[in-house]
>>> print(open('structure.cif').read())   # mmCIF, C-alpha atoms
data_target
loop_
_atom_site.label_atom_id
_atom_site.label_comp_id
_atom_site.auth_asym_id
_atom_site.auth_seq_id
_atom_site.Cartn_x
_atom_site.Cartn_y
_atom_site.Cartn_z
CA MET A 1055 63.04 -232.48 26.86
CA ILE A 1056 62.25 -228.85 26.04
CA LYS A 1057 58.71 -228.56 24.66
CA LYS A 1058 58.69 -226.82 21.30
CA SER A 1059 56.19 -224.02 20.76
CA ASP A 1060 53.23 -223.78 18.42
CA GLU A 1061 55.17 -221.12 16.53
CA TYR A 1062 58.03 -223.57 15.98
CA TYR A 1063 55.83 -226.24 14.44
CA MET A 1064 53.80 -223.73 12.43
CA GLY A 1065 57.07 -222.34 11.08
CA LEU A 1066 57.96 -225.83 9.84
CA ALA A 1067 54.51 -226.17 8.26
CA LEU A 1068 55.06 -222.82 6.54
CA LYS A 1069 58.36 -224.02 5.09
CA LEU A 1070 56.57 -227.08 3.74
CA ALA A 1071 53.89 -224.88 2.15
CA LEU A 1072 56.52 -222.81 0.35
CA LYS A 1073 57.85 -225.90 -1.44
CA ALA A 1074 54.95 -225.54 -3.87
CA ARG A 1075 55.42 -221.81 -4.48
CA GLY A 1076 54.22 -220.90 -7.97
CA ALA A 1077 52.52 -224.27 -8.54
CA THR A 1078 49.22 -224.32 -6.62
CA SER A 1079 47.20 -221.57 -8.33
CA PRO A 1080 44.32 -220.92 -8.04
CA ASN A 1081 44.61 -222.70 -4.70
CA PRO A 1082 46.56 -221.39 -1.69
CA LEU A 1083 49.91 -222.53 -0.34
CA VAL A 1084 49.30 -224.90 2.57
CA GLY A 1085 51.59 -226.99 4.78
CA ALA A 1086 50.75 -229.38 7.63
CA LEU A 1087 52.40 -231.42 10.39
CA VAL A 1088 51.10 -234.16 12.66
CA VAL A 1089 52.91 -234.00 16.01
CA LYS A 1090 52.63 -236.59 18.80
CA SER A 1091 54.57 -236.62 22.07
CA GLY A 1092 56.85 -233.90 20.75
CA LYS A 1093 57.78 -235.86 17.62
CA ILE A 1094 56.73 -235.21 14.03
CA ALA A 1095 54.70 -238.18 12.81
CA GLY A 1096 53.56 -236.82 9.45
CA ARG A 1097 54.32 -234.02 7.01
CA GLY A 1098 52.46 -232.71 3.99
CA PHE A 1099 52.02 -229.80 1.63
CA HIS A 1100 49.55 -229.03 -1.14
CA ALA A 1101 51.48 -229.46 -4.39
CA LYS A 1102 48.94 -228.54 -7.07
CA ALA A 1103 45.24 -227.79 -7.57
CA GLY A 1104 43.38 -231.10 -7.70
CA PHE A 1105 46.05 -232.92 -5.69
CA ALA A 1106 45.61 -234.04 -2.08
CA HIS A 1107 45.51 -231.30 0.55
CA ALA A 1108 48.38 -230.86 2.99
CA GLU A 1109 46.59 -232.18 6.08
CA ILE A 1110 45.48 -235.37 4.29
CA ILE A 1111 49.05 -236.13 3.22
CA ALA A 1112 50.33 -235.51 6.76
CA ILE A 1113 47.63 -237.72 8.32
CA ASP A 1114 48.31 -240.50 5.78
CA GLU A 1115 52.00 -240.41 6.65
CA ALA A 1116 51.27 -240.46 10.39
CA GLY A 1117 48.95 -243.45 10.06
CA ARG A 1118 47.84 -244.83 13.45
CA LYS A 1119 50.03 -242.26 15.22
CA ALA A 1120 47.50 -239.57 14.23
CA LYS A 1121 45.15 -240.73 17.00
CA GLY A 1122 45.53 -238.37 19.96
CA ALA A 1123 48.03 -236.17 18.07
CA THR A 1124 48.10 -232.47 17.25
CA LEU A 1125 47.70 -231.29 13.66
CA TYR A 1126 49.42 -228.05 12.67
CA VAL A 1127 48.07 -226.59 9.44
CA THR A 1128 48.77 -223.19 7.93
CA LEU A 1129 45.22 -222.68 6.61
CA GLU A 1130 41.85 -223.67 8.06
CA PRO A 1131 40.91 -227.17 6.80
CA CYS A 1132 38.16 -227.15 4.21
CA ALA A 1133 34.61 -228.17 5.08
CA HIS A 1134 33.28 -228.18 1.51
CA THR A 1135 33.70 -230.44 -1.49
CA GLY A 1136 35.78 -228.97 -4.30
CA ARG A 1137 38.24 -230.91 -6.43
CA THR A 1138 38.80 -233.05 -3.32
CA PRO A 1139 36.54 -234.17 -0.40
CA PRO A 1140 36.31 -232.06 2.79
CA CYS A 1141 39.46 -232.33 4.91
CA VAL A 1142 37.61 -231.88 8.23
CA ASN A 1143 35.90 -235.25 7.79
CA ARG A 1144 39.22 -237.02 7.50
CA ILE A 1145 40.68 -235.12 10.46
CA ILE A 1146 37.74 -236.13 12.64
CA GLN A 1147 37.97 -239.78 11.51
CA SER A 1148 41.73 -239.91 12.18
CA GLY A 1149 41.36 -239.33 15.92
CA ILE A 1150 43.35 -236.09 15.93
CA ARG A 1151 42.65 -234.47 19.32
CA GLU A 1152 43.89 -230.94 18.61
CA VAL A 1153 44.23 -228.72 15.54
CA VAL A 1154 46.38 -225.58 15.47
CA ILE A 1155 45.51 -223.33 12.52
CA GLY A 1156 47.59 -220.50 11.14
CA MET A 1157 44.80 -218.49 9.54
CA ILE A 1158 41.09 -218.76 8.76
CA ASP A 1159 40.29 -219.65 5.16
CA PRO A 1160 39.13 -216.46 3.35
CA ASN A 1161 37.16 -218.55 0.86
CA PRO A 1162 33.47 -217.73 1.50
CA LEU A 1163 32.64 -221.41 0.95
CA ASN A 1164 34.63 -222.29 4.06
CA ASN A 1165 35.54 -219.23 6.17
CA GLY A 1166 35.12 -220.55 9.72
CA LYS A 1167 33.02 -223.60 8.87
CA GLY A 1168 35.99 -225.93 9.19
CA VAL A 1169 36.76 -224.64 12.68
CA LEU A 1170 33.12 -224.97 13.71
CA LEU A 1171 32.87 -228.62 12.57
CA LEU A 1172 36.10 -229.53 14.35
CA LYS A 1173 34.87 -227.95 17.60
CA GLU A 1174 31.52 -229.70 17.28
CA SER A 1175 33.46 -232.98 17.18
CA ASN A 1176 35.15 -232.07 20.48
CA ILE A 1177 38.49 -231.36 18.87
CA ASN A 1178 40.46 -228.57 20.54
CA VAL A 1179 41.16 -225.79 18.04
CA ARG A 1180 43.56 -222.84 18.24
CA VAL A 1181 43.71 -220.22 15.50
CA GLY A 1182 46.11 -217.42 14.58
CA VAL A 1183 49.60 -218.86 15.04
CA LEU A 1184 51.93 -216.91 12.67
CA GLY A 1185 48.74 -215.53 11.12
CA GLU A 1186 50.23 -212.32 9.72
CA GLN A 1187 53.13 -214.16 8.06
CA LEU A 1188 50.71 -216.62 6.51
CA LYS A 1189 48.47 -213.85 5.19
CA LYS A 1190 51.49 -212.40 3.38
CA VAL A 1191 52.41 -215.80 1.94
CA ASN A 1192 48.86 -216.26 0.60
CA GLU A 1193 48.17 -212.64 -0.39
CA VAL A 1194 47.48 -213.74 -3.96
CA PHE A 1195 44.87 -216.30 -2.91
CA ILE A 1196 43.24 -213.87 -0.46
CA LYS A 1197 42.81 -211.17 -3.14
CA TYR A 1198 41.60 -213.62 -5.78
CA ILE A 1199 39.09 -215.54 -3.66
CA THR A 1200 37.57 -212.51 -1.90
CA THR A 1201 37.32 -210.06 -4.82
CA GLY A 1202 37.15 -212.20 -7.97
CA ILE A 1203 40.06 -210.18 -9.37
CA PRO A 1204 43.66 -211.41 -9.86
CA PHE A 1205 46.50 -210.11 -7.71
CA VAL A 1206 48.33 -207.60 -9.94
CA THR A 1207 52.07 -206.93 -9.71
CA VAL A 1208 53.66 -204.18 -11.82
CA LYS A 1209 57.26 -204.84 -12.82
CA VAL A 1210 59.31 -201.99 -14.27
CA ALA A 1211 62.92 -201.66 -15.45
CA GLN A 1212 63.69 -197.95 -15.45
CA SER A 1213 66.37 -195.30 -15.22
CA LEU A 1214 66.80 -193.21 -12.08
CA ASP A 1215 64.62 -190.51 -13.64
CA GLY A 1216 61.77 -192.95 -14.32
CA ARG A 1217 62.28 -193.64 -18.04
CA ILE A 1218 61.76 -197.02 -19.69
CA ALA A 1219 62.86 -195.86 -23.15
CA THR A 1220 64.54 -192.89 -24.78
CA PHE A 1221 62.68 -190.33 -26.90
CA THR A 1222 63.45 -192.56 -29.93
CA GLY A 1223 61.74 -195.52 -28.23
CA ASP A 1224 64.99 -197.44 -27.63
CA SER A 1225 64.81 -199.46 -24.39
CA LYS A 1226 67.62 -202.04 -24.73
CA TRP A 1227 69.06 -202.22 -22.18
CA ILE A 1228 68.43 -199.90 -19.25
CA THR A 1229 69.08 -202.32 -16.40
CA SER A 1230 71.92 -204.82 -15.90
CA ASP A 1231 72.15 -208.43 -17.10
CA ARG A 1232 71.76 -209.58 -13.50
CA SER A 1233 68.51 -207.64 -13.09
CA ARG A 1234 67.11 -209.09 -16.31
CA VAL A 1235 67.94 -212.67 -15.31
CA PHE A 1236 66.34 -212.13 -11.89
CA ALA A 1237 63.26 -210.53 -13.47
CA HIS A 1238 62.80 -213.55 -15.74
CA LYS A 1239 62.99 -215.92 -12.77
CA ILE A 1240 60.27 -213.94 -10.97
CA ARG A 1241 57.85 -214.79 -13.79
CA ARG A 1242 57.74 -218.40 -12.58
CA ASP A 1243 55.68 -217.31 -9.57
CA TYR A 1244 52.85 -215.97 -11.74
CA ASP A 1245 49.99 -217.46 -13.74
CA ALA A 1246 50.20 -214.82 -16.45
CA ILE A 1247 52.28 -211.97 -17.81
CA MET A 1248 50.54 -208.91 -19.27
CA VAL A 1249 51.68 -206.15 -21.65
CA GLY A 1250 50.03 -203.48 -23.73
CA VAL A 1251 50.01 -203.76 -27.50
CA ASN A 1252 52.48 -200.86 -27.82
CA THR A 1253 55.08 -202.96 -26.02
CA VAL A 1254 54.49 -205.77 -28.52
CA LEU A 1255 54.81 -203.35 -31.45
CA ARG A 1256 57.89 -201.57 -30.09
CA ASP A 1257 59.91 -204.39 -28.46
CA ASN A 1258 58.46 -207.58 -30.03
CA PRO A 1259 59.11 -209.56 -26.81
CA ARG A 1260 58.78 -213.32 -26.32
CA LEU A 1261 57.68 -212.99 -22.66
CA ASP A 1262 58.96 -216.42 -21.68
CA ALA A 1263 59.87 -217.53 -18.18
CA VAL A 1264 63.30 -218.91 -17.30
CA PRO A 1265 63.49 -221.85 -17.42
CA GLN A 1266 60.97 -221.86 -20.22
CA GLN A 1267 57.67 -223.49 -19.34
CA GLY A 1268 54.27 -223.58 -20.96
CA ARG A 1269 52.25 -222.67 -17.86
CA LEU A 1270 52.84 -218.90 -18.07
CA ILE A 1271 49.91 -217.35 -19.94
CA LYS A 1272 50.71 -214.32 -22.08
CA ILE A 1273 48.13 -211.51 -22.13
CA ILE A 1274 48.04 -208.57 -24.56
CA ILE A 1275 45.81 -205.55 -23.93
CA ASP A 1276 44.90 -204.57 -27.49
CA SER A 1277 41.67 -202.62 -28.00
CA ASN A 1278 41.96 -202.49 -31.83
CA LEU A 1279 43.50 -205.94 -32.43
CA SER A 1280 46.63 -204.44 -33.99
CA THR A 1281 48.97 -207.17 -32.73
CA PRO A 1282 51.00 -208.49 -35.72
CA GLU A 1283 50.27 -212.16 -36.31
CA ASN A 1284 54.01 -212.91 -36.65
CA SER A 1285 54.92 -211.41 -33.24
CA ASN A 1286 57.45 -213.25 -31.08
CA ILE A 1287 54.86 -213.46 -28.31
CA PHE A 1288 53.23 -216.36 -30.20
CA SER A 1289 56.42 -218.45 -30.03
CA GLY A 1290 56.61 -221.39 -27.64
CA ALA A 1291 53.90 -223.47 -26.00
CA SER A 1292 52.35 -220.80 -23.79
CA LYS A 1293 48.72 -219.83 -24.22
CA VAL A 1294 48.16 -216.28 -25.49
CA ILE A 1295 45.08 -214.19 -24.62
CA ILE A 1296 44.35 -210.95 -26.45
CA VAL A 1297 42.00 -208.69 -24.51
CA THR A 1298 40.07 -206.43 -26.85
CA LEU A 1299 36.82 -204.53 -27.37
CA PRO A 1300 33.79 -206.24 -28.93
CA SER A 1301 33.67 -206.25 -32.70
CA HIS A 1302 30.68 -204.92 -34.60
CA PRO A 1303 28.93 -206.63 -37.51
CA GLY A 1304 31.01 -206.26 -40.66
CA GLN A 1305 34.25 -205.62 -38.75
CA GLU A 1306 35.59 -209.18 -38.93
CA THR A 1307 39.01 -208.32 -40.41
CA GLU A 1308 41.51 -210.78 -41.86
CA ASN A 1309 43.92 -209.93 -39.04
CA ARG A 1310 41.26 -210.75 -36.45
CA LYS A 1311 40.66 -214.16 -38.03
CA ASN A 1312 44.40 -214.87 -38.13
CA LEU A 1313 44.90 -213.81 -34.52
CA ALA A 1314 41.96 -215.95 -33.41
CA ALA A 1315 43.81 -218.96 -34.84
CA LYS A 1316 46.82 -218.22 -32.61
CA ALA A 1317 45.27 -216.79 -29.46
CA THR A 1318 42.13 -216.63 -27.34
CA ILE A 1319 40.28 -213.40 -28.15
CA LEU A 1320 38.70 -212.10 -24.93
CA GLU A 1321 36.17 -209.33 -25.51
CA VAL A 1322 35.49 -206.99 -22.60
CA LYS A 1323 33.51 -203.86 -21.85
CA GLU A 1324 34.56 -200.38 -22.90
CA LYS A 1325 35.33 -197.47 -20.60
CA ASP A 1326 35.93 -193.98 -22.02
CA GLY A 1327 36.74 -195.49 -25.42
CA GLN A 1328 39.33 -197.86 -23.98
CA ILE A 1329 39.32 -201.35 -22.50
CA ASN A 1330 37.62 -201.52 -19.12
CA LEU A 1331 40.55 -202.95 -17.17
CA ARG A 1332 38.52 -203.93 -14.11
CA HIS A 1333 36.12 -205.92 -16.29
CA ALA A 1334 39.09 -207.45 -18.12
CA LEU A 1335 40.63 -208.62 -14.84
CA LYS A 1336 37.33 -210.11 -13.67
CA LYS A 1337 37.02 -212.11 -16.90
CA LEU A 1338 40.64 -213.27 -16.58
CA ALA A 1339 39.93 -214.37 -13.00
CA GLY A 1340 37.04 -216.38 -14.42
CA LEU A 1341 39.68 -218.33 -16.37
CA GLN A 1342 41.32 -219.21 -13.00
CA ILE A 1343 44.12 -216.70 -13.47
CA SER A 1344 44.81 -215.68 -9.88
CA ASN A 1345 47.88 -213.48 -10.31
CA ILE A 1346 49.38 -211.40 -13.11
CA ILE A 1347 52.71 -209.65 -13.54
CA VAL A 1348 52.45 -206.57 -15.77
CA GLU A 1349 55.60 -205.64 -17.67
CA GLY A 1350 54.63 -202.63 -19.76
CA GLY A 1351 54.17 -200.24 -21.12
CA GLY A 1352 53.81 -196.95 -19.32
CA THR A 1353 50.28 -196.30 -20.62
CA LEU A 1354 48.89 -199.64 -19.44
CA ILE A 1355 50.69 -199.40 -16.10
CA GLY A 1356 49.46 -195.85 -15.57
CA SER A 1357 45.89 -196.89 -16.32
CA LEU A 1358 46.09 -199.77 -13.85
CA PHE A 1359 47.29 -197.36 -11.17
CA ASP A 1360 44.55 -194.87 -12.09
CA GLU A 1361 41.92 -197.59 -11.63
CA LYS A 1362 43.48 -198.71 -8.31
CA LEU A 1363 44.03 -202.22 -9.63
CA VAL A 1364 47.69 -202.65 -8.66
CA ASP A 1365 48.58 -204.64 -5.53
CA LYS A 1366 52.38 -204.79 -5.65
CA ILE A 1367 55.33 -203.18 -7.44
CA LEU A 1368 58.76 -204.44 -8.48
CA PHE A 1369 60.83 -201.50 -9.71
CA PHE A 1370 64.31 -202.25 -11.03
CA VAL A 1371 66.10 -198.90 -10.97
CA SER A 1372 69.34 -198.36 -12.88
CA PRO A 1373 71.72 -195.51 -11.87
CA LYS A 1374 71.33 -193.76 -15.22
CA ILE A 1375 69.74 -190.51 -16.34
CA ILE A 1376 67.99 -190.64 -19.72
CA GLY A 1377 66.17 -187.30 -19.73
CA GLY A 1378 64.09 -185.83 -22.53
CA LYS A 1379 60.53 -184.61 -22.19
CA ASN A 1380 59.43 -187.06 -24.89
CA ALA A 1381 61.18 -190.09 -23.38
CA VAL A 1382 58.84 -192.89 -22.30
CA SER A 1383 57.92 -192.86 -18.60
CA SER A 1384 57.39 -196.03 -16.59
CA VAL A 1385 54.03 -194.84 -15.20
CA MET A 1386 51.80 -192.64 -17.35
CA GLY A 1387 48.00 -192.50 -17.24
CA ARG A 1388 46.12 -189.58 -15.68
CA GLY A 1389 48.10 -189.43 -12.47
CA VAL A 1390 47.00 -187.48 -9.40
CA LYS A 1391 46.25 -183.77 -8.96
CA ARG A 1392 48.09 -183.27 -5.67
CA PRO A 1393 51.02 -184.93 -3.89
CA ASP A 1394 48.80 -185.93 -0.98
CA GLN A 1395 46.80 -188.09 -3.43
CA ALA A 1396 49.90 -190.05 -4.47
CA ILE A 1397 49.83 -193.83 -4.27
CA LYS A 1398 51.48 -194.92 -1.04
CA LEU A 1399 53.66 -197.97 -0.56
CA GLY A 1400 54.09 -200.33 2.38
CA GLN A 1401 56.13 -203.43 3.30
CA LEU A 1402 59.05 -201.84 1.45
CA LYS A 1403 62.07 -204.00 0.61
CA THR A 1404 65.22 -203.13 -1.34
CA ARG A 1405 67.81 -205.38 -2.93
CA ARG A 1406 71.04 -204.71 -4.81
CA LEU A 1407 71.45 -206.40 -8.22
CA ALA A 1408 74.84 -205.45 -9.69
CA GLU A 1409 74.63 -201.66 -9.98
CA ASP A 1410 70.80 -201.66 -9.93
CA ILE A 1411 68.39 -201.41 -6.99
CA LEU A 1412 65.21 -203.51 -6.83
CA ILE A 1413 62.40 -201.83 -4.91
CA GLU A 1414 59.62 -204.20 -3.85
CA ALA A 1415 56.50 -202.94 -2.06
CA ASN A 1416 52.77 -203.46 -1.66
CA ILE A 1417 50.23 -200.78 -2.44
CA ILE A 1418 48.55 -199.31 0.63
CA LYS A 1419 44.78 -199.27 -0.02
#
>>> encode(input="structure.cif", output="structure tokens")
Amino acid sequence: MIKKSDEYYMGLALKLALKARGATSPNPLVGALVVKSGKIAGRGFHAKAGFAHAEIIAIDEAGRKAKGATLYVTLEPCAHTGRTPPCVNRIIQSGIREVVIGMIDPNPLNNGKGVLLLKESNINVRVGVLGEQLKKVNEVFIKYITTGIPFVTVKVAQSLDGRIATFTGDSKWITSDRSRVFAHKIRRDYDAIMVGVNTVLRDNPRLDAVPQQGRLIKIIIDSNLSTPENSNIFSGASKVIIVTLPSHPGQETENRKNLAAKATILEVKEKDGQINLRHALKKLAGLQISNIIVEGGGTLIGSLFDEKLVDKILFFVSPKIIGGKNAVSSVMGRGVKRPDQAIKLGQLKTRRLAEDILIEANIIK
């Protein structure tokens, strides 16, 4: 029998972890295998926050076969009590003799403590198998747990010359039907979708995911609370959060009262007369929103880039030229003074969707 490598088994654990993609927030994606004498005795993946962790499920499935076996787990087992008890205790009790870990847990509550406890119990531990792949898979969790700020993805549908609407404000439709269907499916991977109030006023979007589900939180950046109370964004079961500036005594308008009946009003600090976006993201993270997809408009997107708050971009580019100096650009804001100050992209991927091109990349920081 040919002995399979650590990379082989960790790859299987990674595939298990991905079964819960879009469902575990604010927790990470984790998969685990119990292997004994070259055979898989137990499998598990973390399905949802509050549910059993991957390694516990795998050990339960393995039963008595766990004694003397090797546990492959994509993320360092937890040594602290959260929604569930510490996993290291159960691993030690099971008789597992070896644990192979994909990556160290970035959570400051754990971060190496799980490895230390396992070693102190005379369990052989190896760390770093497929580590870089696993960091990419859990990039959202890593950003959220280490900075207290959600992972921010900017999604744009634009013409080849960078326009998201004509000079009249008309934006329907720049990209193809196939691009729009794909863009709606992407929303399922996110906790929340964010737009500026101008997008609500101009396009009156619903901002639903396909298939429709109530988990996707809708966020409006609206410093003056000018969102119409009959906007389509309030349709469906999804929670709506309106991020705004603090009101002053005597400014409790009728519209504010009506909006408060339909949405959560989240007051944040001011910066240069506008919403402090960094403070807004920190408060949203406090609501256990770990990742956000931003879908407009150009002013909000530009401001997020200016404040260096964007982690990833999804640009759907249609082979069309709109032109016009007053047409709406996909990225506005202050911008940079010199080309060498431009925001740089890494991990670039491209994909063809009908006649459009999807450009996916992470921001180099």
>>> resolve_selection(input="structure.cif", expression="the PyMOL selection byres ((chain A and resi 1117-1133) around 9)", output="MDAnalysis selection string")
chainID A and resid 1060 1063:1065 1067:1068 1071 1082:1091 1095:1096 1107:1109 1112:1116 1134:1135 1139:1143 1145 1148:1159 1163:1169 1171 1181 1183:1185 1188
>>> atom_distance(input="structure.cif", atom1="atom CA of Phe1105 of chain A", atom2="atom CA of Arg1137 of chain A")
8.1 Å
>>> closest_atom_pairs(input="structure.cif", of="segment 1176-1213 of chain A", to="segment 1219-1239 of chain A", cutoff="10 Å", atoms="only C-alpha atoms", output="tab-separated table")
residue	atom	partner	partner_atom	distance
A:Lys1209	CA	A:Ala1237	CA	8.3
A:Val1210	CA	A:Ala1237	CA	9.4
A:Ala1211	CA	A:Thr1229	CA	6.3
A:Gln1212	CA	A:Ile1228	CA	6.4
A:Ser1213	CA	A:Ile1228	CA	6.5
>>> atom_distance(input="structure.cif", atom1="atom CA of Ile1274 of chain A", atom2="atom CA of Val1254 of chain A")
8.1 Å
>>> closest_residue(input="structure.cif", among="A:Arg1180, A:Ile1275, A:Met1248, A:Gly1351", to="Ile1329 of chain A", atoms="only C-alpha atoms")
A:Ile1275
>>> resolve_selection(input="structure.cif", expression="the PyMOL selection byres ((chain A and resi 1278) around 8)", output="VMD selection string")
chain A and resid 1276 to 1277 1279 to 1280 1298 to 1299
>>> resolve_selection(input="structure.cif", expression="the PyMOL selection byres ((chain A and resi 1292) around 12)", output="ChimeraX atom specification")
/A:1245-1247,1260-1263,1266-1273,1286-1291,1293-1295,1316-1318
